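For reference, structure-v6.cif is printed below; it contains mmCIF, C-alpha atoms.
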```
data_protein
loop_
_atom_site.group_PDB
_atom_site.id
_atom_site.type_symbol
_atom_site.label_atom_id
_atom_site.label_comp_id
_atom_site.auth_asym_id
_atom_site.auth_seq_id
_atom_site.Cartn_x
_atom_site.Cartn_y
_atom_site.Cartn_z
ATOM 1 C CA MET A 122 62.351 97.727 90.336
ATOM 2 C CA THR A 123 64.532 94.952 88.917
ATOM 3 C CA ASP A 124 62.848 91.594 88.234
ATOM 4 C CA LEU A 125 64.989 88.978 89.956
ATOM 5 C CA THR A 126 62.570 86.058 89.910
ATOM 6 C CA HIS A 127 64.100 84.381 86.845
ATOM 7 C CA VAL A 128 67.763 84.845 87.688
ATOM 8 C CA PRO A 129 69.362 81.512 88.606
ATOM 9 C CA ILE A 130 71.360 81.261 91.806
ATOM 10 C CA PRO A 131 74.601 79.319 91.262
ATOM 11 C CA SER A 132 75.094 76.121 93.226
ATOM 12 C CA ARG A 133 77.301 76.321 96.301
ATOM 13 C CA ALA A 134 80.996 76.121 95.567
ATOM 14 C CA PRO A 135 82.474 73.037 97.289
ATOM 15 C CA ASP A 136 85.431 74.908 98.797
ATOM 16 C CA ARG A 137 83.288 77.471 100.650
ATOM 17 C CA PRO A 138 82.507 76.923 104.332
ATOM 18 C CA GLU A 139 78.866 76.799 105.375
ATOM 19 C CA GLY A 140 77.531 80.168 106.545
ATOM 20 C CA GLY A 141 78.413 79.781 110.197
ATOM 21 C CA GLU A 142 81.003 81.099 112.621
ATOM 22 C CA GLY A 143 84.019 80.549 110.323
ATOM 23 C CA ALA A 144 82.324 81.750 107.140
ATOM 24 C CA ALA A 145 83.371 85.018 105.516
ATOM 25 C CA HIS A 146 81.024 87.837 106.546
ATOM 26 C CA VAL A 147 79.423 90.046 103.870
ATOM 27 C CA LEU A 148 77.137 93.021 104.531
ATOM 28 C CA VAL A 149 74.525 93.700 101.823
ATOM 29 C CA VAL A 150 73.133 97.257 101.700
ATOM 30 C CA ASP A 151 70.194 98.173 99.450
ATOM 31 C CA ASP A 152 67.037 100.167 100.080
ATOM 32 C CA GLN A 153 64.962 97.801 97.903
ATOM 33 C CA ALA A 154 64.088 94.773 100.021
ATOM 34 C CA ILE A 155 63.712 92.403 97.047
ATOM 35 C CA VAL A 156 67.191 93.257 95.723
ATOM 36 C CA ARG A 157 68.756 93.083 99.198
ATOM 37 C CA GLU A 158 67.161 89.696 99.911
ATOM 38 C CA TYR A 159 68.162 88.328 96.491
ATOM 39 C CA LEU A 160 71.799 89.378 96.961
ATOM 40 C CA ALA A 161 71.789 87.887 100.462
ATOM 41 C CA GLU A 162 70.342 84.600 99.161
ATOM 42 C CA VAL A 163 72.947 84.389 96.382
ATOM 43 C CA LEU A 164 75.764 84.904 98.874
ATOM 44 C CA LYS A 165 74.289 82.574 101.504
ATOM 45 C CA SER A 166 74.008 79.841 98.854
ATOM 46 C CA GLN A 167 77.795 80.134 98.490
ATOM 47 C CA GLY A 168 78.391 79.675 102.209
ATOM 48 C CA TYR A 169 78.886 83.300 103.220
ATOM 49 C CA ARG A 170 77.536 84.717 106.473
ATOM 50 C CA VAL A 171 75.363 87.646 105.372
ATOM 51 C CA SER A 172 74.036 90.683 107.238
ATOM 52 C CA GLN A 173 71.615 93.153 105.655
ATOM 53 C CA ALA A 174 70.931 96.874 105.952
ATOM 54 C CA ALA A 175 68.343 99.044 104.200
ATOM 55 C CA ASP A 176 70.371 102.283 104.353
ATOM 56 C CA GLY A 177 73.872 103.662 104.766
ATOM 57 C CA LEU A 178 73.599 104.761 108.402
ATOM 58 C CA THR A 179 72.310 101.351 109.512
ATOM 59 C CA ALA A 180 75.115 99.755 107.516
ATOM 60 C CA LEU A 181 77.739 101.866 109.313
ATOM 61 C CA GLU A 182 76.324 100.810 112.672
ATOM 62 C CA LEU A 183 76.440 97.133 111.629
ATOM 63 C CA VAL A 184 80.034 97.524 110.405
ATOM 64 C CA ARG A 185 80.935 99.066 113.768
ATOM 65 C CA LYS A 186 79.306 96.208 115.755
ATOM 66 C CA ASP A 187 80.330 93.239 113.569
ATOM 67 C CA PRO A 188 82.847 94.197 110.860
ATOM 68 C CA PRO A 189 82.356 92.245 107.635
ATOM 69 C CA LEU A 190 85.115 91.440 105.170
ATOM 70 C CA VAL A 191 83.058 92.971 102.337
ATOM 71 C CA VAL A 192 80.289 95.582 102.111
ATOM 72 C CA LEU A 193 78.184 95.156 98.946
ATOM 73 C CA THR A 194 76.226 98.389 98.611
ATOM 74 C CA ASP A 195 73.735 99.973 96.245
ATOM 75 C CA LEU A 196 74.524 103.567 95.294
ATOM 76 C CA LYS A 197 71.127 105.260 95.140
ATOM 77 C CA MET A 198 69.713 105.324 98.672
ATOM 78 C CA ARG A 199 68.094 107.981 100.840
ATOM 79 C CA GLY A 200 70.200 109.555 103.542
ATOM 80 C CA LEU A 201 73.759 108.281 103.366
ATOM 81 C CA ASP A 202 74.084 107.017 99.782
ATOM 82 C CA GLY A 203 76.372 104.235 98.587
ATOM 83 C CA GLN A 204 79.225 106.525 97.576
ATOM 84 C CA GLY A 205 79.185 108.214 100.988
ATOM 85 C CA LEU A 206 79.065 104.783 102.635
ATOM 86 C CA VAL A 207 82.074 103.602 100.599
ATOM 87 C CA ARG A 208 84.019 106.707 101.609
ATOM 88 C CA ARG A 209 83.151 106.419 105.316
ATOM 89 C CA VAL A 210 83.819 102.678 105.467
ATOM 90 C CA ARG A 211 87.276 103.113 103.873
ATOM 91 C CA GLU A 212 88.129 105.955 106.286
ATOM 92 C CA ALA A 213 86.903 104.328 109.503
ATOM 93 C CA PHE A 214 87.355 100.629 108.691
ATOM 94 C CA PRO A 215 90.220 100.236 106.190
ATOM 95 C CA ALA A 216 90.198 96.429 106.510
ATOM 96 C CA VAL A 217 86.636 96.263 105.110
ATOM 97 C CA VAL A 218 86.424 96.033 101.306
ATOM 98 C CA PRO A 219 83.516 97.973 99.752
ATOM 99 C CA VAL A 220 81.916 96.851 96.472
ATOM 100 C CA ALA A 221 79.297 99.075 94.816
ATOM 101 C CA ILE A 222 76.356 97.902 92.742
ATOM 102 C CA THR A 223 74.245 100.337 90.733
ATOM 103 C CA GLY A 224 71.625 100.590 88.040
ATOM 104 C CA PHE A 225 72.791 104.082 87.081
ATOM 105 C CA GLY A 226 76.472 103.581 86.302
ATOM 106 C CA THR A 227 78.688 105.761 84.162
ATOM 107 C CA VAL A 228 82.398 105.360 83.579
ATOM 108 C CA GLN A 229 83.135 108.610 85.428
ATOM 109 C CA HIS A 230 80.998 107.526 88.377
ATOM 110 C CA ALA A 231 82.853 104.192 88.505
ATOM 111 C CA VAL A 232 86.197 106.006 88.453
ATOM 112 C CA ASP A 233 85.048 108.295 91.281
ATOM 113 C CA LEU A 234 83.931 105.293 93.326
ATOM 114 C CA MET A 235 87.257 103.547 92.815
ATOM 115 C CA ARG A 236 89.063 106.709 93.942
ATOM 116 C CA ASP A 237 86.857 106.771 97.043
ATOM 117 C CA GLY A 238 87.946 103.215 97.861
ATOM 118 C CA ALA A 239 85.496 100.860 96.142
ATOM 119 C CA PHE A 240 87.127 97.573 95.176
ATOM 120 C CA ASP A 241 84.781 97.137 92.209
ATOM 121 C CA VAL A 242 81.578 98.544 90.716
ATOM 122 C CA LEU A 243 78.871 96.203 89.396
ATOM 123 C CA THR A 244 75.977 97.267 87.173
ATOM 124 C CA LYS A 245 72.390 96.080 87.740
ATOM 125 C CA PRO A 246 71.022 93.727 86.644
ATOM 126 C CA CYS A 247 74.078 91.748 87.622
ATOM 127 C CA PRO A 248 74.288 87.973 87.072
ATOM 128 C CA ALA A 249 74.584 85.950 90.267
ATOM 129 C CA ASN A 250 77.877 84.384 89.180
ATOM 130 C CA GLU A 251 79.397 87.875 88.709
ATOM 131 C CA ILE A 252 78.273 88.885 92.207
ATOM 132 C CA VAL A 253 79.773 85.722 93.707
ATOM 133 C CA SER A 254 82.989 86.102 91.713
ATOM 134 C CA THR A 255 83.432 89.762 92.680
ATOM 135 C CA VAL A 256 82.792 89.106 96.374
ATOM 136 C CA ALA A 257 85.258 86.192 96.303
ATOM 137 C CA LYS A 258 87.906 88.431 94.701
ATOM 138 C CA ALA A 259 87.207 91.180 97.250
ATOM 139 C CA ILE A 260 87.659 88.700 100.110
ATOM 140 C CA GLU A 261 90.876 87.402 98.550
ATOM 141 C CA HIS A 262 92.062 91.028 98.272
ATOM 142 C CA GLN A 263 91.145 91.735 101.901
ATOM 143 C CA ARG A 264 92.987 88.628 103.104
ATOM 144 C CA ALA A 265 96.060 89.528 101.025
ATOM 145 C CA LEU A 266 96.095 93.016 102.578
ATOM 146 C CA ALA A 267 95.764 91.528 106.076
ATOM 147 C CA SER A 268 98.566 89.042 105.363
ATOM 148 C CA ASN A 269 100.757 91.843 104.006
ATOM 149 C CA ALA A 270 100.175 93.919 107.143
ATOM 150 C CA ASP A 271 101.003 90.885 109.310
ATOM 151 C CA LEU A 272 104.222 90.242 107.378
ATOM 152 C CA ARG A 273 105.251 93.897 107.686
ATOM 153 C CA GLU A 274 104.722 93.735 111.458
ATOM 154 C CA ARG A 275 106.740 90.526 111.720
ATOM 155 C CA LEU A 276 109.556 92.093 109.698
ATOM 156 C CA ARG A 277 109.537 95.141 111.976
ATOM 157 C CA VAL A 278 109.749 92.913 115.063
ATOM 158 C CA ASN A 279 112.529 90.808 113.512
ATOM 159 C CA GLU A 280 114.538 93.943 112.697
ATOM 160 C CA LYS A 281 114.201 95.122 116.299
ATOM 161 C CA LEU A 282 115.255 91.696 117.593
ATOM 162 C CA ALA A 283 118.274 91.733 115.275
ATOM 163 C CA MET A 284 119.292 95.149 116.645
ATOM 164 C CA ILE A 285 118.918 93.861 120.220
ATOM 165 C CA GLY A 286 120.997 90.815 119.282
ATOM 166 C CA LYS A 287 123.807 93.005 117.929
ATOM 167 C CA LEU A 288 123.713 95.135 121.073
ATOM 168 C CA ALA A 289 123.808 92.027 123.269
ATOM 169 C CA ALA A 290 126.763 90.640 121.285
ATOM 170 C CA GLY A 291 128.661 93.906 121.805
ATOM 171 C CA VAL A 292 127.947 93.882 125.539
ATOM 172 C CA ALA A 293 128.954 90.216 125.777
ATOM 173 C CA HIS A 294 132.244 90.995 124.038
ATOM 174 C CA GLU A 295 132.944 93.771 126.526
ATOM 175 C CA LEU A 296 132.151 91.455 129.446
ATOM 176 C CA ASN A 297 134.415 88.735 128.041
ATOM 177 C CA ASN A 298 137.324 91.160 127.766
ATOM 178 C CA PRO A 299 137.320 93.073 131.085
ATOM 179 C CA LEU A 300 140.916 94.209 130.595
ATOM 180 C CA ASP A 301 140.027 95.995 127.333
ATOM 181 C CA ALA A 302 137.023 97.653 129.022
ATOM 182 C CA THR A 303 139.196 98.748 131.985
ATOM 183 C CA LEU A 304 141.878 100.195 129.716
ATOM 184 C CA ARG A 305 139.288 102.178 127.742
ATOM 185 C CA CYS A 306 137.956 103.741 130.933
ATOM 186 C CA VAL A 307 141.421 104.849 132.128
#
```

Now that the file is in, can you turn its structure into structure tokens?
Amino acid sequence: MTDLTHVPIPSRAPDRPEGGEGAAHVLVVDDQAIVREYLAEVLKSQGYRVSQAADGLTALELVRKDPPLVVLTDLKMRGLDGQGLVRRVREAFPAVVPVAITGFGTVQHAVDLMRDGAFDVLTKPCPANEIVSTVAKAIEHQRALASNADLRERLRVNEKLAMIGKLAAGVAHELNNPLDATLRCV
């Protein structure tokens, strides 16, 4: 078990909202209660709204009920492990950004996790400021993806409106020139 009693928790960043209704939601998943509670405390101190789960299946249920922006998950857990959780979250909830944290990391494992959809992979013991920084970057990434999707939808709607406008202009021209329309029909 990792000793977390002497790891300082950074002071709350002034630009973060308090952990209430408007605060960014992060789900922390770890089968070790002390690690899970420490990660939750670090994130709460930064103004995030934090939910906790002790295993992958519980985490999936929480994501289904109250989708977070970020899932911060340990890899080694009984049942549905962290890598399986990352994969299932990315498949079922593409707007949620998974971040993995592990004490047993290898470069190949990190590459596999990134291919499965993890935004980043942190290695235990991980300094609190690195956890906060990574979660902040993951949230920024999630918001950029959401903004991009919104802009694509707006562009699609604008293109359709432009096509309707061109059609309406053509119809208006035909209505303004009834003689031309009559001659074309004859």

What lies within 12 Å of A:His146 using all atoms listed in the file, ignoring chain neighbours under 6 positions off, as a PyMOL selection string? chain A and resi 138-140+161+164-165+167-173+183-184+187-193+217-218+256-257+259-260+263

As a PyMOL selection string, please: the residues near A:Val210 (cut-off 10 Å, all atoms listed in the file, same-chain neighbours under 3 positions excluded). chain A and resi 180-181+184-185+192+204-207+213-219+237-239

Between A:Val228, A:Val253, A:Cys247, A:Leu201, which is the closest to A:Glu162 once you count all atoms listed in the file?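 Smallest separation from A:Glu162 among the options: A:Val253.
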
Residue with smallest distance to A:Asp202 - pool A:Glu251, A:Glu158, A:Asp151, A:Glu182, counting all atoms listed in the file: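 Among the listed residues, the smallest separation from A:Asp202 belongs to A:Asp151.
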
Just to confirm, what's the straight-line distance from atom CA of A:Leu196 to atom CA of A:Ile222 in Å (one decimal)?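 Computing the Euclidean distance for atom CA of A:Leu196 and atom CA of A:Ile222 yields 6.5 Å.
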
In Å to one decimal, how far is atom CA of A:His262 from atom CA of A:Val150?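 These two atoms are separated by 20.2 Å.
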
I'd like to see the residues matched by the PyMOL selection byres ((chain A and resi 245) around 7) on this file, and ideally I'd get them as a ChimeraX atom specification. /A:222-224,243-244,246-247

Report, in Å to a single decimal, how far apart atom CA of A:Tyr159 and atom CA of A:Asn250 are.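 That distance, rounded to one decimal, is 12.8 Å.
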
Pick from A:Lys258, A:His230, A:Arg277, A:Arg157: nearest to A:Thr194, with only C-alpha atoms counted?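 Among A:Lys258, A:His230, A:Arg277, A:Arg157, it is A:Arg157 that comes nearest to A:Thr194.
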